[in-house]
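Please read the structure below before turning to the comments.
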Amino acid sequence: MAELLVLWDVDYTLVGADGLGTRLYEVVFREMFGRELTEVAPKAGRTDRAIIGDTLALAGAPVSAAGPFLAALERAAADGAVPGPVRPLPGAASAVAALAAAGVRQSVLTGNVRAMAALKLRRAGLGADLDLDAGAYGDVHEVRAELVTVARRAARRLYGLDFPGAATVLVGDTPLDVEAALATGARAVGVATGGFSPADLAAAGAHAVLPDLTDTAAVVSAILG
């Protein structure tokens, strides 16, 4: 089998975090601006860098504060003081474990800053087979596709291997996950466990679409192509 790098989305692909990220945004906003955050910009498939800029604009706060907000968000997530359960989505643990047993290298490509992704995976009991050093995170760029190059470079440094074209596989629940894969020549596997249907993901151009992760054999087959 050719060497593969599988990059998992986190929210609504591997885990359900029940608003943990939004609560962290609220904590940071309150600490920075001394008032409550009443609205968060749309999140699905977007990076924290993009979401924060739009959220600050909606709140009438200076968009120039996005950098400090990102840094504070990273610190708050690393502290882990914000309560709330995070659940693994059905089949997620088995799918990750099965790919690891097959020798597939796995990490994440997520809109979350790294500490938030790590917090969610830890609370969900996932992550043992995910090499977070080979991933890419939402503080890097507003455009999700830009994260693919970052992850490939990280994997190259770690493993001494390149993962060009379809040797990189993105697994996610939104059309933006699919778009990021297609824009970088990667393989796209859509999972309809978020707010988008199988038809939505297929229309976006996913190479394979799954209803969820519960059929481990189907997940492995879709990812290996």
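We name chains A, B, ... following the order of the structure tokens; residues begin at 1 in each chain, and ligands are numbered from 1 as shown.
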Determine, counting only C-alpha atoms, which protein, DNA and RNA residues have an atom within 6 Å of an atom of Leu4 (chain A); residues of the same chain fewer than 4 positions away are not included. Present the result as an mmCIF file with C-alpha atoms, in the first residue's frame.
data_model
loop_
_atom_site.group_PDB
_atom_site.id
_atom_site.type_symbol
_atom_site.label_atom_id
_atom_site.label_comp_id
_atom_site.auth_asym_id
_atom_site.auth_seq_id
_atom_site.Cartn_x
_atom_site.Cartn_y
_atom_site.Cartn_z
ATOM 1 C CA VAL A 104 -1.819 4.670 7.854
ATOM 2 C CA ALA A 167 -1.573 10.531 -1.070
ATOM 3 C CA THR A 168 -3.187 13.109 1.224
#
### Query
Which parts of region 1-222 of chain A does DSSP call strand (DSSP E or B) when run on the backbone here, written out as a list in words?
Leu5, Val6, Leu7, Trp8, Asp11, Val15, Gly16, Arg87, Pro88, Arg105, Gln106, Ser107, Val108, Leu109, Ala136, Thr168, Val169, Leu170, Val171, Gly172, Arg187, Ala188, Val189, Gly190, Val191, Ala208, Val209 and Leu210 of chain A
### Query
Counting only C-alpha atoms, what is within 8 Å of Ala17 (chain A), bar same-chain residues fewer than 3 positions away, as a list in words?
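The contact residues come out as Asp11, Leu20, Gly21, Gly84, Pro85, Val86, Arg87 and Lys120 of chain A.
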With C-alpha atoms kept, could you save the residues just selected as an mmCIF file, in the first residue's frame?
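Produced file part35.cif, reproduced below:
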data_model
loop_
_atom_site.group_PDB
_atom_site.id
_atom_site.type_symbol
_atom_site.label_atom_id
_atom_site.label_comp_id
_atom_site.auth_asym_id
_atom_site.auth_seq_id
_atom_site.Cartn_x
_atom_site.Cartn_y
_atom_site.Cartn_z
ATOM 1 C CA ASP A 11 -15.908 19.004 14.835
ATOM 2 C CA LEU A 20 -17.344 24.131 23.828
ATOM 3 C CA GLY A 21 -15.656 26.306 21.210
ATOM 4 C CA GLY A 84 -18.407 20.696 28.976
ATOM 5 C CA PRO A 85 -18.543 17.160 27.677
ATOM 6 C CA VAL A 86 -17.151 16.211 24.291
ATOM 7 C CA ARG A 87 -18.363 12.968 22.784
ATOM 8 C CA LYS A 120 -11.713 18.200 22.296
#
### Task
From a DSSP calculation on the backbone, collect every residue of chain A in helix (DSSP H, G or I) and output the set as number ranges by chain.
A: 20-33, 48-58, 63-79, 92-101, 114-123, 132-134, 146-159, 165-167, 175-183, 198-204, 216-224
Can you write out the residues you just picked, keeping C-alpha atoms, as a tab-separated table (two decimals), in the first residue's frame?
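Final file, out.tsv:
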chain	number	residue	atom	x	y	z
A	20	LEU	CA	-17.34	24.13	23.83
A	21	GLY	CA	-15.66	26.31	21.21
A	22	THR	CA	-18.35	28.97	21.45
A	23	ARG	CA	-18.02	29.04	25.24
A	24	LEU	CA	-14.27	29.57	24.90
A	25	TYR	CA	-14.92	32.44	22.47
A	26	GLU	CA	-17.26	33.99	25.03
A	27	VAL	CA	-14.71	33.67	27.83
A	28	VAL	CA	-11.95	35.28	25.77
A	29	PHE	CA	-14.20	38.06	24.48
A	30	ARG	CA	-15.34	38.90	28.02
A	31	GLU	CA	-11.76	39.01	29.28
A	32	MET	CA	-10.57	41.18	26.39
A	33	PHE	CA	-13.47	43.61	26.06
A	48	ASP	CA	-10.74	30.16	13.82
A	49	ARG	CA	-8.73	32.93	12.17
A	50	ALA	CA	-11.60	33.62	9.75
A	51	ILE	CA	-14.35	33.15	12.35
A	52	ILE	CA	-12.71	35.47	14.87
A	53	GLY	CA	-12.28	38.29	12.36
A	54	ASP	CA	-15.95	38.15	11.41
A	55	THR	CA	-17.07	37.74	15.02
A	56	LEU	CA	-15.16	40.82	16.14
A	57	ALA	CA	-16.67	42.82	13.28
A	58	LEU	CA	-20.19	41.68	14.24
A	63	VAL	CA	-10.70	43.45	13.81
A	64	SER	CA	-7.05	44.29	14.54
A	65	ALA	CA	-7.57	42.41	17.82
A	66	ALA	CA	-7.87	39.09	15.95
A	67	GLY	CA	-4.23	38.16	16.59
A	68	PRO	CA	-4.40	38.73	20.37
A	69	PHE	CA	-7.79	36.99	20.43
A	70	LEU	CA	-6.29	33.91	18.73
A	71	ALA	CA	-3.42	33.84	21.21
A	72	ALA	CA	-5.82	34.17	24.15
A	73	LEU	CA	-8.04	31.44	22.72
A	74	GLU	CA	-5.04	29.11	22.51
A	75	ARG	CA	-4.17	29.84	26.15
A	76	ALA	CA	-7.74	29.34	27.34
A	77	ALA	CA	-8.04	26.00	25.52
A	78	ALA	CA	-4.67	24.85	26.84
A	79	ASP	CA	-5.81	25.71	30.36
A	92	ALA	CA	-14.88	7.44	15.13
A	93	ALA	CA	-12.62	5.56	17.52
A	94	SER	CA	-12.94	2.30	15.59
A	95	ALA	CA	-12.23	4.01	12.25
A	96	VAL	CA	-9.10	5.74	13.52
A	97	ALA	CA	-7.88	2.55	15.20
A	98	ALA	CA	-8.47	0.45	12.08
A	99	LEU	CA	-6.46	2.84	9.92
A	100	ALA	CA	-3.67	2.91	12.49
A	101	ALA	CA	-3.59	-0.90	12.50
A	114	ARG	CA	-4.25	23.43	18.14
A	115	ALA	CA	-4.95	23.57	21.87
A	116	MET	CA	-8.70	23.51	21.26
A	117	ALA	CA	-8.42	20.54	18.91
A	118	ALA	CA	-6.28	18.71	21.46
A	119	LEU	CA	-8.74	19.51	24.26
A	120	LYS	CA	-11.71	18.20	22.30
A	121	LEU	CA	-9.92	15.01	21.23
A	122	ARG	CA	-8.72	14.39	24.77
A	123	ARG	CA	-12.17	14.82	26.29
A	132	LEU	CA	-1.03	16.17	16.06
A	133	ASP	CA	2.44	17.37	15.06
A	134	ALA	CA	1.62	16.40	11.46
A	146	GLU	CA	-4.02	26.78	2.82
A	147	LEU	CA	-3.82	24.38	5.76
A	148	VAL	CA	-3.24	21.40	3.47
A	149	THR	CA	0.17	22.66	2.41
A	150	VAL	CA	1.04	23.35	6.06
A	151	ALA	CA	0.12	19.79	7.05
A	152	ARG	CA	2.07	18.27	4.17
A	153	ARG	CA	5.14	20.26	5.18
A	154	ALA	CA	4.76	19.17	8.80
A	155	ALA	CA	4.41	15.53	7.75
A	156	ARG	CA	7.48	15.86	5.54
A	157	ARG	CA	9.52	17.13	8.49
A	158	LEU	CA	8.28	14.33	10.75
A	159	TYR	CA	8.38	11.34	8.43
A	165	GLY	CA	-1.94	14.60	-4.63
A	166	ALA	CA	-4.22	11.81	-3.50
A	167	ALA	CA	-1.57	10.53	-1.07
A	175	PRO	CA	-18.28	21.33	1.50
A	176	LEU	CA	-15.36	23.51	2.64
A	177	ASP	CA	-13.48	20.35	3.68
A	178	VAL	CA	-14.09	18.97	0.20
A	179	GLU	CA	-13.12	22.25	-1.43
A	180	ALA	CA	-9.81	22.30	0.47
A	181	ALA	CA	-8.99	18.82	-0.78
A	182	LEU	CA	-9.89	19.53	-4.38
A	183	ALA	CA	-7.95	22.80	-4.42
A	198	PRO	CA	-24.62	13.19	1.46
A	199	ALA	CA	-26.02	14.95	-1.61
A	200	ASP	CA	-24.44	18.24	-0.52
A	201	LEU	CA	-21.04	16.60	-0.09
A	202	ALA	CA	-21.29	14.74	-3.38
A	203	ALA	CA	-22.28	17.95	-5.18
A	204	ALA	CA	-19.22	19.64	-3.70
A	216	THR	CA	-15.55	0.65	9.84
A	217	ALA	CA	-14.88	-1.43	6.75
A	218	ALA	CA	-16.68	1.12	4.56
A	219	VAL	CA	-14.75	3.98	6.14
A	220	VAL	CA	-11.41	2.29	5.56
A	221	SER	CA	-12.36	1.43	1.98
A	222	ALA	CA	-13.46	5.00	1.24
A	223	ILE	CA	-10.28	6.48	2.67
A	224	LEU	CA	-7.93	4.03	1.00
